[in-house]
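S.K.: Input: one structure, supplied below.
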Amino acid sequence: MCRVTQPRQQSTPFHDLDEYVALPRLAGLTLSPDGTRLVTGVSVLDDDATRYVTALWEIDPGGERPAHRLTRGATGESQARFTPAGDLLFVASRPDGSDADDKPALWTIPSHGGEARVLATHPGGVEATQTGQTGVAVVVQASAMPRAAGLADEERLRKARKDKKVAAILHTGYPVRHWDHDLGPAAPRLYALTLADGGAVAGTVSAATADEPLPLRDLTPDAGTHLVRAGHDVAPDSSFLVSEWRVPEGRASLRSDLVRIDVATGARTTLLTADETVEYGSPRISPDGGLLAYVRRERSTAEHAPRPTLWLLDLTTGDSRPVAEGWDRWPGQTRWLPDSGGLLVVADEDGRAPVFHVDVASGAVTRLTDEGAYSDVVIAPDGRAAYALRSSYGYPAEVVRLDLADLSAVTVTALRAPVDRPELPGRLTEVETTAEDGTRVRSWLALPAGASAEAPAPLLLWIHGGPLGSWNAWSWRWNPWLMVAQGFAVLLPDPALSTGYGQEMIERGWARWGAEPYTDLMAATDAVVARGDIDETRTGAMGGSFGGYMANWVAGHTDRFKAIVTHASLWSLENFGPSTDAAYHWSREMSPKMQETYSPHRFVSQIRTPMLVVHGDKDYRVPIGEGLRLWYEVLASSGLPQAADGSTPHRFLYFPDENHWVLAPQHAKVWYQVVLGFLTEHVLNQTGELPELLG
């Protein structure tokens, strides 16, 4: 851990990286059909402290009983769902030494209790599952080889590739990879399995014996790559599903249609066909099966940002209409109320992500929650309550209940969960300023406990990624409190291009990355360094992804910061566009003029600030070539004087097996140690201690 001489007022998990990475983390939420059982996942470090393992825990929806653990698999569990009869389903890999058990399978624990058993397997491993509120079908997602004639042939082809050590992939279209993994030759398909009457696991007769896995029926044998990164929703009676359907449209570009797939027959019907101006996604089927809520997204161009809006499709007549017209927010997660008369929608707003109610008939929108960012919303069958995960930059995810009896006065109650809020090493506040064009720019500011006019804190400007995003929810990966524990104040601003402030806030920075987003960041910094509890002579800046782009841009346009950290950053826009994992998306937005005007590499000679460059080799979103070129050019051409022996204050932290983020617990420790050491040296003019394992 880096040592900083700033006096410590307290000892929290954020003062010690080992304690920090060991903090349990909540993710996911599912509710049984009768509303009596609420299940979440809790991730903890394994015994070697080298990876996280997730167990399923049950939480009392009434908030009276303590949470209790349901699963204890050595490799963890995920994708918890309930069958209509209340049996718990989850995806897990529980190897017993045989190759057949190495792939994730669909497991179940009957509602009456007992030992977990395998419900379904797939040669490529089960990836996800979804159920309806009633009916006897479960929909399973798994990836299949394109030439496999059934699951037995799938097993044969996979074994042959493994035995012959063949990893080659012959592509016929685009994309070829995503985030941190190669696409192909297998591609996602949707399967169905049949439960007993009432949607129960007990009494299922589809298998030869009660202990044998149930057979999977392929619903999409001709899917090809149409389901790559495609979301879907199963009807409440499990008779059909609606899925996004990726369609090649030439010139290495894709569009997103919506299709209906009959679960009994696999028959597929196109509901909505995208074109060069709009596409569709995020389908949600109403409880009565008559309506489909979806997001209609106006495609971005070099001149205009995307514009997602909430729409409804009548599944009987085919008529569609917008809902919540005039609502200047981008709809996120959407859930139907049981009477099919309203929707709960999460959307970014003013540094939060509240839950909103949308009335289907009138389109009226009502904000239901105040503080926090919400996710994983599930709704009780009587509609009188909803449950969700809530977090903010003041606390990590926790399970809460929203009482919906009176939508004009919704109360939010934190439930008894297996994880408590950790103690913070400081305080969180909001600040705002006015940009050059009169636009309000707001930020979060995390301050050390001891920051005051007598002991002003050094400042770290932390720039968010996206670029279409907002600092609103707790992040274990980008956590300001580790910096605060070492004495830094951390500024988290939402400049132009940030979501939650209306379409105009996005449009004013569109295709102008180095203009308003940059000047907004400087205006926010100016406002904060004017405070008495901030030391304006000791400041640093950092960011990742688009935030890394902005860190590079800042480095080439101002000398005000003592050090800059740039993680997984865009350096040459012309090179980045065709090499990223979704080049067709960026080709719509990055005109040659934008690439020429706002590419940070053009200003390398103006960089006079020490830079720490961080990149992972498995990063397919911002490929490693960006980091390698940045590192070479900042050494060869930056304006920072070099020593007589050729040494430089710049540094390059390289992770051969990490992706866009640094996720392995011990690598995360190294990341924070090196970053804090670099900031300590250049911002505080003190000696920073580097991790021993770097050699």
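Chain identifiers are assigned as A, B, and so on, following the order in which chains appear in the structure tokens; residues are numbered from 1 within each chain, and ligands are numbered from 1 in order of appearance.
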With only C-alpha atoms as the counted atoms, please give the residues lying no more than 8 Å from segment 244-254 of chain A, apart from itself and same-chain residues fewer than 2 positions off, as an mmCIF file with N, CA and C atoms, in the first residue's frame.

M.R.:
```
data_model
loop_
_atom_site.group_PDB
_atom_site.id
_atom_site.type_symbol
_atom_site.label_atom_id
_atom_site.label_comp_id
_atom_site.auth_asym_id
_atom_site.auth_seq_id
_atom_site.Cartn_x
_atom_site.Cartn_y
_atom_site.Cartn_z
ATOM 1 N N GLY A 173 -18.966 -12.436 -41.394
ATOM 2 C CA GLY A 173 -19.592 -11.144 -41.174
ATOM 3 C C GLY A 173 -18.974 -10.440 -39.984
ATOM 4 N N TYR A 174 -19.676 -9.433 -39.491
ATOM 5 C CA TYR A 174 -19.182 -8.579 -38.417
ATOM 6 C C TYR A 174 -20.263 -8.505 -37.346
ATOM 7 N N PRO A 175 -19.882 -8.419 -36.053
ATOM 8 C CA PRO A 175 -18.555 -8.264 -35.462
ATOM 9 C C PRO A 175 -17.840 -9.607 -35.282
ATOM 10 N N THR A 225 -25.781 -15.565 -36.104
ATOM 11 C CA THR A 225 -25.280 -14.527 -35.190
ATOM 12 C C THR A 225 -26.364 -13.517 -34.806
ATOM 13 N N HIS A 226 -27.620 -13.835 -35.111
ATOM 14 C CA HIS A 226 -28.700 -12.873 -34.877
ATOM 15 C C HIS A 226 -28.928 -12.589 -33.396
ATOM 16 N N LEU A 227 -28.515 -13.519 -32.526
ATOM 17 C CA LEU A 227 -28.767 -13.348 -31.095
ATOM 18 C C LEU A 227 -27.529 -12.900 -30.327
ATOM 19 N N VAL A 228 -26.461 -12.556 -31.018
ATOM 20 C CA VAL A 228 -25.265 -12.066 -30.341
ATOM 21 C C VAL A 228 -25.593 -10.733 -29.662
ATOM 22 N N ALA A 230 -28.045 -9.983 -27.759
ATOM 23 C CA ALA A 230 -29.463 -9.667 -27.927
ATOM 24 C C ALA A 230 -30.220 -9.987 -26.650
ATOM 25 N N GLY A 231 -30.998 -9.030 -26.158
ATOM 26 C CA GLY A 231 -31.830 -9.256 -24.990
ATOM 27 C C GLY A 231 -33.187 -9.802 -25.387
ATOM 28 N N HIS A 232 -33.853 -10.512 -24.453
ATOM 29 C CA HIS A 232 -35.176 -11.049 -24.735
ATOM 30 C C HIS A 232 -36.012 -11.060 -23.460
ATOM 31 N N VAL A 242 -40.205 -12.423 -26.781
ATOM 32 C CA VAL A 242 -39.829 -11.385 -27.733
ATOM 33 C C VAL A 242 -38.347 -11.108 -27.542
ATOM 34 N N SER A 256 -30.985 -3.647 -35.254
ATOM 35 C CA SER A 256 -31.647 -4.447 -34.225
ATOM 36 C C SER A 256 -33.155 -4.400 -34.439
ATOM 37 N N ASP A 257 -33.731 -5.551 -34.875
ATOM 38 C CA ASP A 257 -35.175 -5.708 -34.990
ATOM 39 C C ASP A 257 -35.716 -6.321 -33.699
ATOM 40 N N LEU A 258 -37.038 -6.451 -33.615
ATOM 41 C CA LEU A 258 -37.683 -7.211 -32.553
ATOM 42 C C LEU A 258 -38.504 -8.324 -33.187
ATOM 43 N N VAL A 259 -38.332 -9.559 -32.670
ATOM 44 C CA VAL A 259 -39.065 -10.701 -33.202
ATOM 45 C C VAL A 259 -39.825 -11.409 -32.085
ATOM 46 N N TYR A 280 -34.575 -0.980 -32.515
ATOM 47 C CA TYR A 280 -35.438 -1.303 -31.389
ATOM 48 C C TYR A 280 -34.729 -2.240 -30.418
ATOM 49 N N GLY A 281 -35.124 -2.143 -29.139
ATOM 50 C CA GLY A 281 -34.517 -3.008 -28.139
ATOM 51 C C GLY A 281 -35.269 -2.973 -26.831
ATOM 52 N N SER A 282 -34.726 -3.663 -25.820
ATOM 53 C CA SER A 282 -35.250 -3.705 -24.453
ATOM 54 C C SER A 282 -36.719 -4.095 -24.391
ATOM 55 N N PRO A 283 -37.121 -5.242 -24.988
ATOM 56 C CA PRO A 283 -38.545 -5.619 -24.982
ATOM 57 C C PRO A 283 -39.007 -6.071 -23.604
ATOM 58 N N TYR A 584 -18.838 -0.383 -36.528
ATOM 59 C CA TYR A 584 -19.966 0.189 -37.256
ATOM 60 C C TYR A 584 -20.680 1.261 -36.439
ATOM 61 N N HIS A 585 -20.707 1.084 -35.121
ATOM 62 C CA HIS A 585 -21.345 2.089 -34.258
ATOM 63 C C HIS A 585 -20.578 3.398 -34.317
#
```

S.K.: Quick one: residues within 8 Å of Gln595 of chain A, only C-alpha atoms, excluding same-chain residues fewer than 4 positions away - as a list in words?

M.R.: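 So the residues in contact are Ser572, Leu573, Glu574, Met590, Ser591 and Ser599 of chain A.
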
S.K.: Can I get the selection written as a PDB file, in the first residue's frame, with N, CA and C atoms?

M.R.:
```pdb
ATOM      1  N   SER A 572      -5.716   7.868 -30.716  1.00  0.00           N
ATOM      2  CA  SER A 572      -5.867   8.284 -32.112  1.00  0.00           C
ATOM      3  C   SER A 572      -7.256   7.861 -32.574  1.00  0.00           C
ATOM      4  N   LEU A 573      -8.163   8.809 -32.737  1.00  0.00           N
ATOM      5  CA  LEU A 573      -9.539   8.469 -33.088  1.00  0.00           C
ATOM      6  C   LEU A 573      -9.630   7.750 -34.429  1.00  0.00           C
ATOM      7  N   GLU A 574      -8.783   8.109 -35.357  1.00  0.00           N
ATOM      8  CA  GLU A 574      -8.802   7.474 -36.670  1.00  0.00           C
ATOM      9  C   GLU A 574      -8.453   5.989 -36.557  1.00  0.00           C
ATOM     10  N   MET A 590     -18.306   9.248 -35.699  1.00  0.00           N
ATOM     11  CA  MET A 590     -17.020   9.933 -35.842  1.00  0.00           C
ATOM     12  C   MET A 590     -16.769  10.300 -37.297  1.00  0.00           C
ATOM     13  N   SER A 591     -17.076  11.521 -37.636  1.00  0.00           N
ATOM     14  CA  SER A 591     -16.779  11.982 -38.987  1.00  0.00           C
ATOM     15  C   SER A 591     -15.280  12.231 -39.128  1.00  0.00           C
ATOM     16  N   SER A 599      -8.799  14.550 -31.977  1.00  0.00           N
ATOM     17  CA  SER A 599      -7.973  13.398 -31.632  1.00  0.00           C
ATOM     18  C   SER A 599      -6.816  13.844 -30.744  1.00  0.00           C
TER      19      SER A 599
END
```

S.K.: What gap, in Å, lies between atom CA of Pro61 of chain A and atom CA of Tyr395 of chain A?

M.R.: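 A separation of 20.8 Å between them.
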
S.K.: Given only C-alpha atoms as the basis, pick out the residue of A:Ala55, A:Leu570, A:Ala128, A:Val323 nearest to Glu77 of chain A.

M.R.: A:Ala55

S.K.: Mind the document's chain letters and residue numbers, and return as an MDAnalysis selection string the residues of segment 309-502 of chain A that DSSP labels alpha helix (DSSP H).

M.R.: chainID A and resid 481:485
